[in-house]
>>> print(open('model-v7.cif').read())   # mmCIF, N, CA and C atoms
data_entry
#
loop_
_atom_site.label_atom_id
_atom_site.label_comp_id
_atom_site.auth_asym_id
_atom_site.auth_seq_id
_atom_site.Cartn_x
_atom_site.Cartn_y
_atom_site.Cartn_z
N MET J 30 -21.47 -7.58 46.89
CA MET J 30 -21.75 -6.52 45.95
C MET J 30 -20.60 -5.52 45.97
N ALA J 31 -20.28 -4.95 44.82
CA ALA J 31 -19.20 -3.97 44.72
C ALA J 31 -19.57 -2.68 45.46
N THR J 32 -18.55 -2.00 45.97
CA THR J 32 -18.77 -0.75 46.70
C THR J 32 -18.06 0.40 46.00
N PHE J 33 -18.42 1.60 46.42
CA PHE J 33 -17.79 2.82 45.93
C PHE J 33 -17.76 3.82 47.09
N LEU J 34 -16.97 4.88 46.94
CA LEU J 34 -16.84 5.88 47.98
C LEU J 34 -17.97 6.90 47.87
N LEU J 35 -18.71 7.08 48.95
CA LEU J 35 -19.74 8.11 49.04
C LEU J 35 -19.23 9.20 49.96
N GLU J 36 -19.26 10.44 49.46
CA GLU J 36 -18.88 11.59 50.28
C GLU J 36 -20.02 12.60 50.25
N LEU J 37 -20.37 13.11 51.42
CA LEU J 37 -21.38 14.15 51.56
C LEU J 37 -20.68 15.35 52.17
N VAL J 38 -20.65 16.45 51.42
CA VAL J 38 -19.86 17.61 51.81
C VAL J 38 -20.76 18.83 51.96
N SER J 39 -20.60 19.55 53.08
CA SER J 39 -21.27 20.83 53.26
C SER J 39 -20.20 21.91 53.18
N PRO J 40 -20.60 23.18 53.12
CA PRO J 40 -19.57 24.24 53.07
C PRO J 40 -18.64 24.22 54.28
N GLU J 41 -19.12 23.75 55.42
CA GLU J 41 -18.30 23.77 56.63
C GLU J 41 -17.39 22.57 56.78
N ARG J 42 -17.89 21.37 56.34
CA ARG J 42 -17.09 20.18 56.65
C ARG J 42 -17.55 18.98 55.83
N LEU J 43 -16.77 17.94 55.91
CA LEU J 43 -17.11 16.64 55.32
C LEU J 43 -18.04 15.94 56.29
N LEU J 44 -19.28 15.67 55.86
CA LEU J 44 -20.29 15.09 56.75
C LEU J 44 -20.26 13.57 56.76
N LEU J 45 -19.87 12.97 55.64
CA LEU J 45 -19.89 11.52 55.53
C LEU J 45 -18.86 11.11 54.48
N SER J 46 -18.11 10.08 54.74
CA SER J 46 -17.15 9.55 53.78
C SER J 46 -16.92 8.08 54.10
N ARG J 47 -17.51 7.19 53.26
CA ARG J 47 -17.31 5.76 53.47
C ARG J 47 -17.72 4.97 52.24
N GLN J 48 -17.31 3.73 52.23
CA GLN J 48 -17.65 2.82 51.14
C GLN J 48 -19.09 2.34 51.34
N VAL J 49 -19.89 2.40 50.27
CA VAL J 49 -21.28 1.96 50.32
C VAL J 49 -21.58 1.11 49.10
N GLU J 50 -22.69 0.37 49.15
CA GLU J 50 -23.11 -0.44 48.00
C GLU J 50 -23.96 0.37 47.02
N MET J 51 -24.82 1.25 47.57
CA MET J 51 -25.73 2.02 46.73
C MET J 51 -26.15 3.28 47.47
N VAL J 52 -26.42 4.32 46.71
CA VAL J 52 -27.02 5.53 47.27
C VAL J 52 -28.10 5.99 46.29
N THR J 53 -29.22 6.42 46.85
CA THR J 53 -30.30 6.99 46.04
C THR J 53 -30.33 8.48 46.34
N ILE J 54 -30.24 9.29 45.29
CA ILE J 54 -30.19 10.74 45.45
C ILE J 54 -31.38 11.40 44.77
N PRO J 55 -31.84 12.55 45.31
CA PRO J 55 -33.01 13.24 44.74
C PRO J 55 -32.61 14.22 43.63
N SER J 56 -32.37 13.72 42.43
CA SER J 56 -31.98 14.62 41.33
C SER J 56 -33.21 15.41 40.87
N LEU J 57 -32.97 16.48 40.14
CA LEU J 57 -34.09 17.29 39.63
C LEU J 57 -35.01 16.47 38.73
N GLU J 58 -34.46 15.49 38.04
CA GLU J 58 -35.25 14.67 37.11
C GLU J 58 -35.98 13.53 37.81
N GLY J 59 -35.70 13.30 39.07
CA GLY J 59 -36.31 12.21 39.83
C GLY J 59 -35.25 11.49 40.65
N ASP J 60 -35.68 10.60 41.50
CA ASP J 60 -34.73 9.85 42.33
C ASP J 60 -33.83 9.01 41.44
N MET J 61 -32.55 8.97 41.79
CA MET J 61 -31.54 8.31 40.96
C MET J 61 -30.69 7.40 41.83
N GLY J 62 -30.62 6.13 41.45
CA GLY J 62 -29.79 5.18 42.16
C GLY J 62 -28.39 5.16 41.59
N VAL J 63 -27.40 5.11 42.47
CA VAL J 63 -26.00 5.08 42.06
C VAL J 63 -25.37 3.81 42.63
N LEU J 64 -24.75 3.04 41.75
CA LEU J 64 -24.01 1.83 42.12
C LEU J 64 -22.57 1.98 41.66
N ALA J 65 -21.70 1.12 42.12
CA ALA J 65 -20.31 1.11 41.64
C ALA J 65 -20.31 0.92 40.13
N GLY J 66 -19.44 1.63 39.44
CA GLY J 66 -19.34 1.52 37.99
C GLY J 66 -20.29 2.43 37.24
N HIS J 67 -21.00 3.33 37.95
CA HIS J 67 -21.96 4.23 37.31
C HIS J 67 -21.26 5.14 36.30
N ALA J 68 -21.96 5.50 35.26
CA ALA J 68 -21.42 6.43 34.25
C ALA J 68 -21.16 7.79 34.91
N PRO J 69 -20.09 8.47 34.51
CA PRO J 69 -19.78 9.78 35.08
C PRO J 69 -20.85 10.81 34.71
N MET J 70 -21.22 11.65 35.68
CA MET J 70 -22.16 12.73 35.43
C MET J 70 -22.18 13.68 36.61
N ILE J 71 -22.70 14.87 36.35
CA ILE J 71 -22.95 15.85 37.40
C ILE J 71 -24.44 16.17 37.32
N VAL J 72 -25.14 16.09 38.46
CA VAL J 72 -26.57 16.34 38.48
C VAL J 72 -26.91 17.35 39.57
N ALA J 73 -27.94 18.16 39.29
CA ALA J 73 -28.48 19.08 40.29
C ALA J 73 -29.47 18.30 41.15
N LEU J 74 -29.49 18.63 42.43
CA LEU J 74 -30.39 17.96 43.37
C LEU J 74 -31.52 18.89 43.78
N ARG J 75 -32.69 18.29 43.99
CA ARG J 75 -33.83 19.01 44.55
C ARG J 75 -33.90 18.64 46.03
N GLY J 76 -34.76 19.28 46.77
CA GLY J 76 -34.97 18.91 48.16
C GLY J 76 -35.53 17.50 48.23
N GLY J 77 -34.94 16.66 49.05
CA GLY J 77 -35.39 15.28 49.18
C GLY J 77 -34.43 14.47 50.04
N THR J 78 -34.61 13.16 50.01
CA THR J 78 -33.81 12.29 50.87
C THR J 78 -32.71 11.56 50.10
N VAL J 79 -31.58 11.45 50.77
CA VAL J 79 -30.45 10.65 50.31
C VAL J 79 -30.52 9.36 51.11
N ARG J 80 -30.61 8.23 50.40
CA ARG J 80 -30.74 6.92 51.06
C ARG J 80 -29.49 6.09 50.80
N VAL J 81 -28.84 5.67 51.87
CA VAL J 81 -27.57 4.93 51.80
C VAL J 81 -27.83 3.46 52.09
N GLN J 82 -27.27 2.59 51.24
CA GLN J 82 -27.39 1.15 51.45
C GLN J 82 -26.01 0.52 51.62
N GLU J 83 -25.91 -0.31 52.67
CA GLU J 83 -24.69 -1.05 52.95
C GLU J 83 -25.08 -2.46 53.38
N ASN J 84 -24.32 -3.44 52.96
CA ASN J 84 -24.57 -4.84 53.33
C ASN J 84 -26.01 -5.26 53.06
N GLY J 85 -26.56 -4.78 51.95
CA GLY J 85 -27.89 -5.18 51.53
C GLY J 85 -29.04 -4.52 52.27
N ALA J 86 -28.76 -3.53 53.12
CA ALA J 86 -29.82 -2.88 53.89
C ALA J 86 -29.62 -1.36 53.90
N GLU J 87 -30.73 -0.65 54.03
CA GLU J 87 -30.66 0.81 54.13
C GLU J 87 -30.13 1.16 55.52
N THR J 88 -29.01 1.88 55.56
CA THR J 88 -28.37 2.18 56.83
C THR J 88 -28.52 3.63 57.26
N GLU J 89 -28.83 4.51 56.32
CA GLU J 89 -28.91 5.92 56.66
C GLU J 89 -29.83 6.63 55.68
N VAL J 90 -30.63 7.58 56.20
CA VAL J 90 -31.48 8.42 55.36
C VAL J 90 -31.28 9.86 55.84
N LEU J 91 -30.91 10.73 54.91
CA LEU J 91 -30.65 12.13 55.24
C LEU J 91 -31.48 13.03 54.34
N PHE J 92 -31.94 14.15 54.87
CA PHE J 92 -32.64 15.14 54.06
C PHE J 92 -31.65 16.19 53.59
N VAL J 93 -31.67 16.52 52.30
CA VAL J 93 -30.89 17.63 51.76
C VAL J 93 -31.88 18.57 51.05
N PRO J 94 -31.70 19.89 51.21
CA PRO J 94 -32.62 20.83 50.57
C PRO J 94 -32.27 21.13 49.11
N GLY J 95 -31.24 20.52 48.60
CA GLY J 95 -30.79 20.75 47.23
C GLY J 95 -29.28 20.64 47.19
N GLY J 96 -28.71 20.92 46.04
CA GLY J 96 -27.26 20.86 45.88
C GLY J 96 -26.89 20.23 44.56
N PHE J 97 -25.75 19.58 44.55
CA PHE J 97 -25.24 18.93 43.35
C PHE J 97 -24.61 17.60 43.74
N ALA J 98 -24.53 16.69 42.77
CA ALA J 98 -23.83 15.43 42.98
C ALA J 98 -22.94 15.18 41.77
N GLU J 99 -21.72 14.77 42.06
CA GLU J 99 -20.79 14.36 41.01
C GLU J 99 -20.61 12.86 41.14
N VAL J 100 -20.92 12.15 40.07
CA VAL J 100 -20.87 10.69 40.08
C VAL J 100 -19.77 10.24 39.13
N SER J 101 -18.97 9.27 39.56
CA SER J 101 -17.98 8.63 38.70
C SER J 101 -18.06 7.13 38.98
N PRO J 102 -17.37 6.30 38.22
CA PRO J 102 -17.49 4.85 38.44
C PRO J 102 -17.11 4.38 39.85
N ASP J 103 -16.22 5.14 40.55
CA ASP J 103 -15.78 4.69 41.86
C ASP J 103 -16.08 5.66 43.00
N ARG J 104 -16.91 6.70 42.71
CA ARG J 104 -17.18 7.70 43.75
C ARG J 104 -18.47 8.45 43.44
N CYS J 105 -19.15 8.89 44.52
CA CYS J 105 -20.28 9.81 44.41
C CYS J 105 -20.06 10.88 45.47
N THR J 106 -19.92 12.12 45.04
CA THR J 106 -19.73 13.23 45.95
C THR J 106 -20.97 14.10 45.90
N ILE J 107 -21.61 14.28 47.04
CA ILE J 107 -22.81 15.11 47.15
C ILE J 107 -22.41 16.41 47.83
N LEU J 108 -22.72 17.52 47.17
CA LEU J 108 -22.44 18.84 47.73
C LEU J 108 -23.78 19.47 48.10
N ALA J 109 -23.98 19.72 49.39
CA ALA J 109 -25.24 20.29 49.86
C ALA J 109 -24.95 21.28 50.98
N ASP J 110 -25.78 22.33 51.07
CA ASP J 110 -25.60 23.31 52.13
C ASP J 110 -25.82 22.70 53.51
N GLU J 111 -26.72 21.73 53.58
CA GLU J 111 -26.99 21.06 54.84
C GLU J 111 -27.48 19.64 54.56
N ALA J 112 -27.35 18.80 55.54
CA ALA J 112 -27.87 17.42 55.47
C ALA J 112 -28.29 17.05 56.89
N THR J 113 -29.55 16.64 57.01
CA THR J 113 -30.11 16.33 58.33
C THR J 113 -30.57 14.88 58.35
N PRO J 114 -30.11 14.09 59.32
CA PRO J 114 -30.63 12.72 59.42
C PRO J 114 -32.16 12.77 59.56
N LEU J 115 -32.83 11.89 58.86
CA LEU J 115 -34.30 11.89 58.86
C LEU J 115 -34.86 11.79 60.28
N ALA J 116 -34.22 11.00 61.12
CA ALA J 116 -34.69 10.83 62.49
C ALA J 116 -34.60 12.13 63.30
N SER J 117 -33.75 13.07 62.86
CA SER J 117 -33.57 14.33 63.58
C SER J 117 -34.48 15.45 63.08
N LEU J 118 -35.21 15.19 62.00
CA LEU J 118 -36.08 16.23 61.46
C LEU J 118 -37.25 16.50 62.40
N SER J 119 -37.49 17.75 62.65
CA SER J 119 -38.61 18.16 63.49
C SER J 119 -39.73 18.68 62.60
N ARG J 120 -40.94 18.18 62.82
CA ARG J 120 -42.09 18.66 62.05
C ARG J 120 -42.31 20.15 62.27
N GLY J 121 -42.17 20.58 63.52
CA GLY J 121 -42.35 22.00 63.84
C GLY J 121 -41.34 22.87 63.13
N GLU J 122 -40.09 22.46 63.13
CA GLU J 122 -39.04 23.23 62.45
C GLU J 122 -39.28 23.25 60.94
N ALA J 123 -39.69 22.13 60.38
CA ALA J 123 -39.99 22.07 58.94
C ALA J 123 -41.15 22.98 58.59
N GLU J 124 -42.19 23.01 59.41
CA GLU J 124 -43.34 23.89 59.18
C GLU J 124 -42.92 25.35 59.26
N ARG J 125 -42.06 25.68 60.24
CA ARG J 125 -41.58 27.06 60.39
C ARG J 125 -40.78 27.50 59.17
N ARG J 126 -39.88 26.63 58.70
CA ARG J 126 -39.06 26.97 57.53
C ARG J 126 -39.90 27.06 56.27
N LEU J 127 -40.93 26.23 56.15
CA LEU J 127 -41.84 26.32 55.02
C LEU J 127 -42.61 27.64 55.05
N ALA J 128 -43.09 28.03 56.21
CA ALA J 128 -43.82 29.30 56.33
C ALA J 128 -42.93 30.48 55.94
N GLU J 129 -41.66 30.46 56.35
CA GLU J 129 -40.72 31.52 55.97
C GLU J 129 -40.52 31.56 54.46
N ALA J 130 -40.36 30.39 53.85
CA ALA J 130 -40.15 30.32 52.40
C ALA J 130 -41.40 30.80 51.65
N GLU J 131 -42.58 30.42 52.12
CA GLU J 131 -43.82 30.86 51.48
C GLU J 131 -44.02 32.37 51.64
N ALA J 132 -43.63 32.93 52.78
CA ALA J 132 -43.72 34.38 52.98
C ALA J 132 -42.77 35.11 52.03
N ALA J 133 -41.58 34.57 51.85
CA ALA J 133 -40.63 35.18 50.91
C ALA J 133 -41.18 35.13 49.50
N PHE J 134 -41.84 34.03 49.14
CA PHE J 134 -42.43 33.91 47.80
C PHE J 134 -43.58 34.91 47.63
N ALA J 135 -44.39 35.07 48.67
CA ALA J 135 -45.53 36.00 48.60
C ALA J 135 -45.07 37.45 48.47
N SER J 136 -43.86 37.74 48.95
CA SER J 136 -43.36 39.12 48.91
C SER J 136 -42.64 39.46 47.61
N ILE J 137 -42.55 38.52 46.69
CA ILE J 137 -41.89 38.80 45.41
C ILE J 137 -42.72 39.81 44.64
N GLY J 138 -42.04 40.81 44.13
CA GLY J 138 -42.71 41.86 43.37
C GLY J 138 -42.35 41.81 41.90
N ALA J 139 -42.99 42.68 41.13
CA ALA J 139 -42.76 42.73 39.68
C ALA J 139 -41.32 43.11 39.35
N GLU J 140 -40.65 43.81 40.26
CA GLU J 140 -39.27 44.22 40.01
C GLU J 140 -38.26 43.10 40.21
N ASP J 141 -38.67 42.00 40.83
CA ASP J 141 -37.76 40.88 41.05
C ASP J 141 -37.47 40.17 39.73
N THR J 142 -36.26 39.66 39.63
CA THR J 142 -35.83 38.98 38.41
C THR J 142 -36.44 37.58 38.34
N PRO J 143 -36.54 37.02 37.14
CA PRO J 143 -37.01 35.63 37.03
C PRO J 143 -36.12 34.66 37.80
N GLU J 144 -34.83 34.93 37.86
CA GLU J 144 -33.90 34.06 38.59
C GLU J 144 -34.21 34.07 40.09
N ARG J 145 -34.54 35.26 40.61
CA ARG J 145 -34.89 35.36 42.04
C ARG J 145 -36.19 34.61 42.31
N ARG J 146 -37.18 34.79 41.43
CA ARG J 146 -38.45 34.08 41.59
C ARG J 146 -38.23 32.57 41.61
N GLU J 147 -37.40 32.11 40.68
CA GLU J 147 -37.13 30.67 40.60
C GLU J 147 -36.41 30.17 41.86
N ALA J 148 -35.44 30.93 42.35
CA ALA J 148 -34.71 30.54 43.55
C ALA J 148 -35.64 30.46 44.76
N VAL J 149 -36.54 31.43 44.89
CA VAL J 149 -37.46 31.44 46.03
C VAL J 149 -38.45 30.28 45.90
N MET J 150 -38.94 30.00 44.69
CA MET J 150 -39.86 28.88 44.50
C MET J 150 -39.16 27.55 44.78
N ASN J 151 -37.89 27.42 44.38
CA ASN J 151 -37.14 26.20 44.68
C ASN J 151 -37.01 26.00 46.18
N ARG J 152 -36.85 27.09 46.92
CA ARG J 152 -36.76 27.00 48.38
C ARG J 152 -38.09 26.52 48.97
N VAL J 153 -39.20 27.07 48.45
CA VAL J 153 -40.53 26.62 48.90
C VAL J 153 -40.69 25.12 48.66
N LEU J 154 -40.33 24.66 47.46
CA LEU J 154 -40.46 23.24 47.14
C LEU J 154 -39.58 22.38 48.03
N ALA J 155 -38.36 22.85 48.31
CA ALA J 155 -37.45 22.10 49.19
C ALA J 155 -38.03 22.00 50.60
N MET J 156 -38.61 23.08 51.10
CA MET J 156 -39.17 23.06 52.45
C MET J 156 -40.44 22.22 52.52
N ARG J 157 -41.20 22.16 51.42
CA ARG J 157 -42.34 21.23 51.38
C ARG J 157 -41.85 19.79 51.46
N SER J 158 -40.75 19.50 50.76
CA SER J 158 -40.17 18.16 50.82
C SER J 158 -39.68 17.85 52.23
N MET J 159 -39.10 18.85 52.90
CA MET J 159 -38.64 18.66 54.26
C MET J 159 -39.82 18.36 55.19
N ARG J 160 -40.89 19.11 55.05
CA ARG J 160 -42.09 18.87 55.87
C ARG J 160 -42.62 17.45 55.64
N ASP J 161 -42.70 17.05 54.37
CA ASP J 161 -43.20 15.70 54.04
C ASP J 161 -42.28 14.62 54.62
N ALA J 162 -40.97 14.84 54.54
CA ALA J 162 -40.02 13.87 55.08
C ALA J 162 -40.13 13.80 56.60
N ALA J 163 -40.33 14.95 57.25
CA ALA J 163 -40.48 14.97 58.70
C ALA J 163 -41.74 14.24 59.14
N GLN J 164 -42.82 14.37 58.38
CA GLN J 164 -44.07 13.69 58.71
C GLN J 164 -43.94 12.17 58.52
N ALA J 165 -43.12 11.77 57.54
CA ALA J 165 -42.94 10.34 57.26
C ALA J 165 -42.01 9.67 58.27
N ALA J 166 -41.17 10.48 58.92
CA ALA J 166 -40.17 9.92 59.86
C ALA J 166 -40.80 9.37 61.11
#
>>> encode(input="model-v7.cif", output="structure tokens")
Amino acid sequence: MATFLLELVSPERLLLSRQVEMVTIPSLEGDMGVLAGHAPMIVALRGGTVRVQENGAETEVLFVPGGFAEVSPDRCTILADEATPLASLSRGEAERRLAEAEAAFASIGAEDTPERREAVMNRVLAMRSMRDAAQAA
């Protein structure tokens, strides 16, 4: 099967860079599979798992709380603030981060902008996805 370059980048460093057969990313519109030769696009990511396939098998699963992906026929670059291997996710940590996000949402007042409300709600949804992923691990 044809391969393409997958790169996962955080603000601090390059987390992953290698040739893969397929990657499934959590786009806002739903999970999206990327293969070599994919049409070029830029997509926003929601909180969810990035699944990497090599040699016909899933080799890596990482949780990202959101970000963006740039796809071209020979490359997929994922930009995320953080990426955690699914095996390293802690249920306790996910529950703690979800509680913090829900508290921030509960503290939103009438003076907050719609953009702030949306950003806080997106964080709550991402942390719910993290909790679900940690429970499934």
>>> residues_around(input="model-v7.cif", residues="Ala112 (chain J)", least_positions_apart="2", cutoff="8 Å", atoms="all atoms listed in the file", output="list of chain:residue names")
J:Val38, J:Ser39, J:Val90, J:Leu91, J:Phe92, J:Val93, J:Pro94, J:Ala109, J:Asp110, J:Pro114, J:Leu115
>>> axis_aligned_box(input="model-v7.cif", around="region 35-39 of chain J", padding_each_side="4 Å", output="lines of an AutoDock Vina configuration file")
center_x = -20.0
center_y = 14.5
center_z = 51.1
size_x = 10.7
size_y = 22.8
size_z = 12.3
>>> closest_residue(input="model-v7.cif", among="J:Arg152, J:Ile71, J:Arg126, J:Ser136", to="Gly95 (chain J)", atoms="only C-alpha atoms")
J:Arg152
>>> resolve_selection(input="model-v7.cif", expression="the PyMOL selection byres ((chain J and resi 85) around 8)", output="PDB file with N, CA and C atoms, in the coordinates of the input")
ATOM      1  N   MET J  30     -21.470  -7.580  46.890  1.00  0.00           N
ATOM      2  CA  MET J  30     -21.750  -6.520  45.950  1.00  0.00           C
ATOM      3  C   MET J  30     -20.600  -5.520  45.970  1.00  0.00           C
ATOM      4  N   GLU J  50     -22.690   0.370  49.150  1.00  0.00           N
ATOM      5  CA  GLU J  50     -23.110  -0.440  48.000  1.00  0.00           C
ATOM      6  C   GLU J  50     -23.960   0.370  47.020  1.00  0.00           C
ATOM      7  N   MET J  51     -24.820   1.250  47.570  1.00  0.00           N
ATOM      8  CA  MET J  51     -25.730   2.020  46.730  1.00  0.00           C
ATOM      9  C   MET J  51     -26.150   3.280  47.470  1.00  0.00           C
ATOM     10  N   GLN J  82     -27.270   2.590  51.240  1.00  0.00           N
ATOM     11  CA  GLN J  82     -27.390   1.150  51.450  1.00  0.00           C
ATOM     12  C   GLN J  82     -26.010   0.520  51.620  1.00  0.00           C
ATOM     13  N   GLU J  83     -25.910  -0.310  52.670  1.00  0.00           N
ATOM     14  CA  GLU J  83     -24.690  -1.050  52.950  1.00  0.00           C
ATOM     15  C   GLU J  83     -25.080  -2.460  53.380  1.00  0.00           C
ATOM     16  N   ASN J  84     -24.320  -3.440  52.960  1.00  0.00           N
ATOM     17  CA  ASN J  84     -24.570  -4.840  53.330  1.00  0.00           C
ATOM     18  C   ASN J  84     -26.010  -5.260  53.060  1.00  0.00           C
ATOM     19  N   ALA J  86     -28.760  -3.530  53.120  1.00  0.00           N
ATOM     20  CA  ALA J  86     -29.820  -2.880  53.890  1.00  0.00           C
ATOM     21  C   ALA J  86     -29.620  -1.360  53.900  1.00  0.00           C
ATOM     22  N   GLU J  87     -30.730  -0.650  54.030  1.00  0.00           N
ATOM     23  CA  GLU J  87     -30.660   0.810  54.130  1.00  0.00           C
ATOM     24  C   GLU J  87     -30.130   1.160  55.520  1.00  0.00           C
ATOM     25  N   THR J  88     -29.010   1.880  55.560  1.00  0.00           N
ATOM     26  CA  THR J  88     -28.370   2.180  56.830  1.00  0.00           C
ATOM     27  C   THR J  88     -28.520   3.630  57.260  1.00  0.00           C
TER      28      THR J  88
END
>>> residues_around(input="model-v7.cif", residues="Met159 (chain J)", least_positions_apart="3", cutoff="10 Å", atoms="only C-alpha atoms", output="PDB file with N, CA and C atoms, in the coordinates of the input")
ATOM      1  N   GLY J  76     -34.760  19.280  46.770  1.00  0.00           N
ATOM      2  CA  GLY J  76     -34.970  18.910  48.160  1.00  0.00           C
ATOM      3  C   GLY J  76     -35.530  17.500  48.230  1.00  0.00           C
ATOM      4  N   GLY J  77     -34.940  16.660  49.050  1.00  0.00           N
ATOM      5  CA  GLY J  77     -35.390  15.280  49.180  1.00  0.00           C
ATOM      6  C   GLY J  77     -34.430  14.470  50.040  1.00  0.00           C
ATOM      7  N   THR J  78     -34.610  13.160  50.010  1.00  0.00           N
ATOM      8  CA  THR J  78     -33.810  12.290  50.870  1.00  0.00           C
ATOM      9  C   THR J  78     -32.710  11.560  50.100  1.00  0.00           C
ATOM     10  N   PHE J  92     -31.940  14.150  54.870  1.00  0.00           N
ATOM     11  CA  PHE J  92     -32.640  15.140  54.060  1.00  0.00           C
ATOM     12  C   PHE J  92     -31.650  16.190  53.590  1.00  0.00           C
ATOM     13  N   VAL J  93     -31.670  16.520  52.300  1.00  0.00           N
ATOM     14  CA  VAL J  93     -30.890  17.630  51.760  1.00  0.00           C
ATOM     15  C   VAL J  93     -31.880  18.570  51.050  1.00  0.00           C
ATOM     16  N   PRO J  94     -31.700  19.890  51.210  1.00  0.00           N
ATOM     17  CA  PRO J  94     -32.620  20.830  50.570  1.00  0.00           C
ATOM     18  C   PRO J  94     -32.270  21.130  49.110  1.00  0.00           C
ATOM     19  N   THR J 113     -29.550  16.640  57.010  1.00  0.00           N
ATOM     20  CA  THR J 113     -30.110  16.330  58.330  1.00  0.00           C
ATOM     21  C   THR J 113     -30.570  14.880  58.350  1.00  0.00           C
ATOM     22  N   LEU J 115     -32.830  11.890  58.860  1.00  0.00           N
ATOM     23  CA  LEU J 115     -34.300  11.890  58.860  1.00  0.00           C
ATOM     24  C   LEU J 115     -34.860  11.790  60.280  1.00  0.00           C
ATOM     25  N   LEU J 118     -35.210  15.190  62.000  1.00  0.00           N
ATOM     26  CA  LEU J 118     -36.080  16.230  61.460  1.00  0.00           C
ATOM     27  C   LEU J 118     -37.250  16.500  62.400  1.00  0.00           C
ATOM     28  N   SER J 119     -37.490  17.750  62.650  1.00  0.00           N
ATOM     29  CA  SER J 119     -38.610  18.160  63.490  1.00  0.00           C
ATOM     30  C   SER J 119     -39.730  18.680  62.600  1.00  0.00           C
ATOM     31  N   ARG J 120     -40.940  18.180  62.820  1.00  0.00           N
ATOM     32  CA  ARG J 120     -42.090  18.660  62.050  1.00  0.00           C
ATOM     33  C   ARG J 120     -42.310  20.150  62.270  1.00  0.00           C
ATOM     34  N   GLU J 122     -40.090  22.460  63.130  1.00  0.00           N
ATOM     35  CA  GLU J 122     -39.040  23.230  62.450  1.00  0.00           C
ATOM     36  C   GLU J 122     -39.280  23.250  60.940  1.00  0.00           C
ATOM     37  N   ALA J 123     -39.690  22.130  60.380  1.00  0.00           N
ATOM     38  CA  ALA J 123     -39.990  22.070  58.940  1.00  0.00           C
ATOM     39  C   ALA J 123     -41.150  22.980  58.590  1.00  0.00           C
ATOM     40  N   GLU J 124     -42.190  23.010  59.410  1.00  0.00           N
ATOM     41  CA  GLU J 124     -43.340  23.890  59.180  1.00  0.00           C
ATOM     42  C   GLU J 124     -42.920  25.350  59.260  1.00  0.00           C
ATOM     43  N   ARG J 126     -39.880  26.630  58.700  1.00  0.00           N
ATOM     44  CA  ARG J 126     -39.060  26.970  57.530  1.00  0.00           C
ATOM     45  C   ARG J 126     -39.900  27.060  56.270  1.00  0.00           C
ATOM     46  N   LEU J 127     -40.930  26.230  56.150  1.00  0.00           N
ATOM     47  CA  LEU J 127     -41.840  26.320  55.020  1.00  0.00           C
ATOM     48  C   LEU J 127     -42.610  27.640  55.050  1.00  0.00           C
ATOM     49  N   VAL J 153     -39.200  27.070  48.450  1.00  0.00           N
ATOM     50  CA  VAL J 153     -40.530  26.620  48.900  1.00  0.00           C
ATOM     51  C   VAL J 153     -40.690  25.120  48.660  1.00  0.00           C
ATOM     52  N   LEU J 154     -40.330  24.660  47.460  1.00  0.00           N
ATOM     53  CA  LEU J 154     -40.460  23.240  47.140  1.00  0.00           C
ATOM     54  C   LEU J 154     -39.580  22.380  48.030  1.00  0.00           C
ATOM     55  N   ALA J 155     -38.360  22.850  48.310  1.00  0.00           N
ATOM     56  CA  ALA J 155     -37.450  22.100  49.190  1.00  0.00           C
ATOM     57  C   ALA J 155     -38.030  22.000  50.600  1.00  0.00           C
ATOM     58  N   MET J 156     -38.610  23.080  51.100  1.00  0.00           N
ATOM     59  CA  MET J 156     -39.170  23.060  52.450  1.00  0.00           C
ATOM     60  C   MET J 156     -40.440  22.220  52.520  1.00  0.00           C
ATOM     61  N   ALA J 162     -40.970  14.840  54.540  1.00  0.00           N
ATOM     62  CA  ALA J 162     -40.020  13.870  55.080  1.00  0.00           C
ATOM     63  C   ALA J 162     -40.130  13.800  56.600  1.00  0.00           C
ATOM     64  N   ALA J 163     -40.330  14.950  57.250  1.00  0.00           N
ATOM     65  CA  ALA J 163     -40.480  14.970  58.700  1.00  0.00           C
ATOM     66  C   ALA J 163     -41.740  14.240  59.140  1.00  0.00           C
ATOM     67  N   GLN J 164     -42.820  14.370  58.380  1.00  0.00           N
ATOM     68  CA  GLN J 164     -44.070  13.690  58.710  1.00  0.00           C
ATOM     69  C   GLN J 164     -43.940  12.170  58.520  1.00  0.00           C
ATOM     70  N   ALA J 165     -43.120  11.770  57.540  1.00  0.00           N
ATOM     71  CA  ALA J 165     -42.940  10.340  57.260  1.00  0.00           C
ATOM     72  C   ALA J 165     -42.010   9.670  58.270  1.00  0.00           C
TER      73      ALA J 165
END
>>> residues_around(input="model-v7.cif", residues="Phe97 (chain J)", least_positions_apart="6", cutoff="8 Å", atoms="only N, CA and C atoms", output="short mmCIF file (atom, residue, chain, number, x, y, z; two decimals) with N, CA and C atoms, keeping the file's coordinate frame")
data_model
loop_
_atom_site.label_atom_id
_atom_site.label_comp_id
_atom_site.auth_asym_id
_atom_site.auth_seq_id
_atom_site.Cartn_x
_atom_site.Cartn_y
_atom_site.Cartn_z
N ILE J 71 -22.70 14.87 36.35
CA ILE J 71 -22.95 15.85 37.40
C ILE J 71 -24.44 16.17 37.32
N VAL J 72 -25.14 16.09 38.46
CA VAL J 72 -26.57 16.34 38.48
C VAL J 72 -26.91 17.35 39.57
N ALA J 73 -27.94 18.16 39.29
CA ALA J 73 -28.48 19.08 40.29
C ALA J 73 -29.47 18.30 41.15
N LEU J 74 -29.49 18.63 42.43
CA LEU J 74 -30.39 17.96 43.37
C LEU J 74 -31.52 18.89 43.78
N ARG J 75 -32.69 18.29 43.99
CA ARG J 75 -33.83 19.01 44.55
C ARG J 75 -33.90 18.64 46.03
N THR J 106 -19.92 12.12 45.04
CA THR J 106 -19.73 13.23 45.95
C THR J 106 -20.97 14.10 45.90
N ILE J 107 -21.61 14.28 47.04
CA ILE J 107 -22.81 15.11 47.15
C ILE J 107 -22.41 16.41 47.83
N LEU J 108 -22.72 17.52 47.17
CA LEU J 108 -22.44 18.84 47.73
C LEU J 108 -23.78 19.47 48.10
N ALA J 109 -23.98 19.72 49.39
CA ALA J 109 -25.24 20.29 49.86
C ALA J 109 -24.95 21.28 50.98
N ASP J 110 -25.78 22.33 51.07
CA ASP J 110 -25.60 23.31 52.13
C ASP J 110 -25.82 22.70 53.51
#
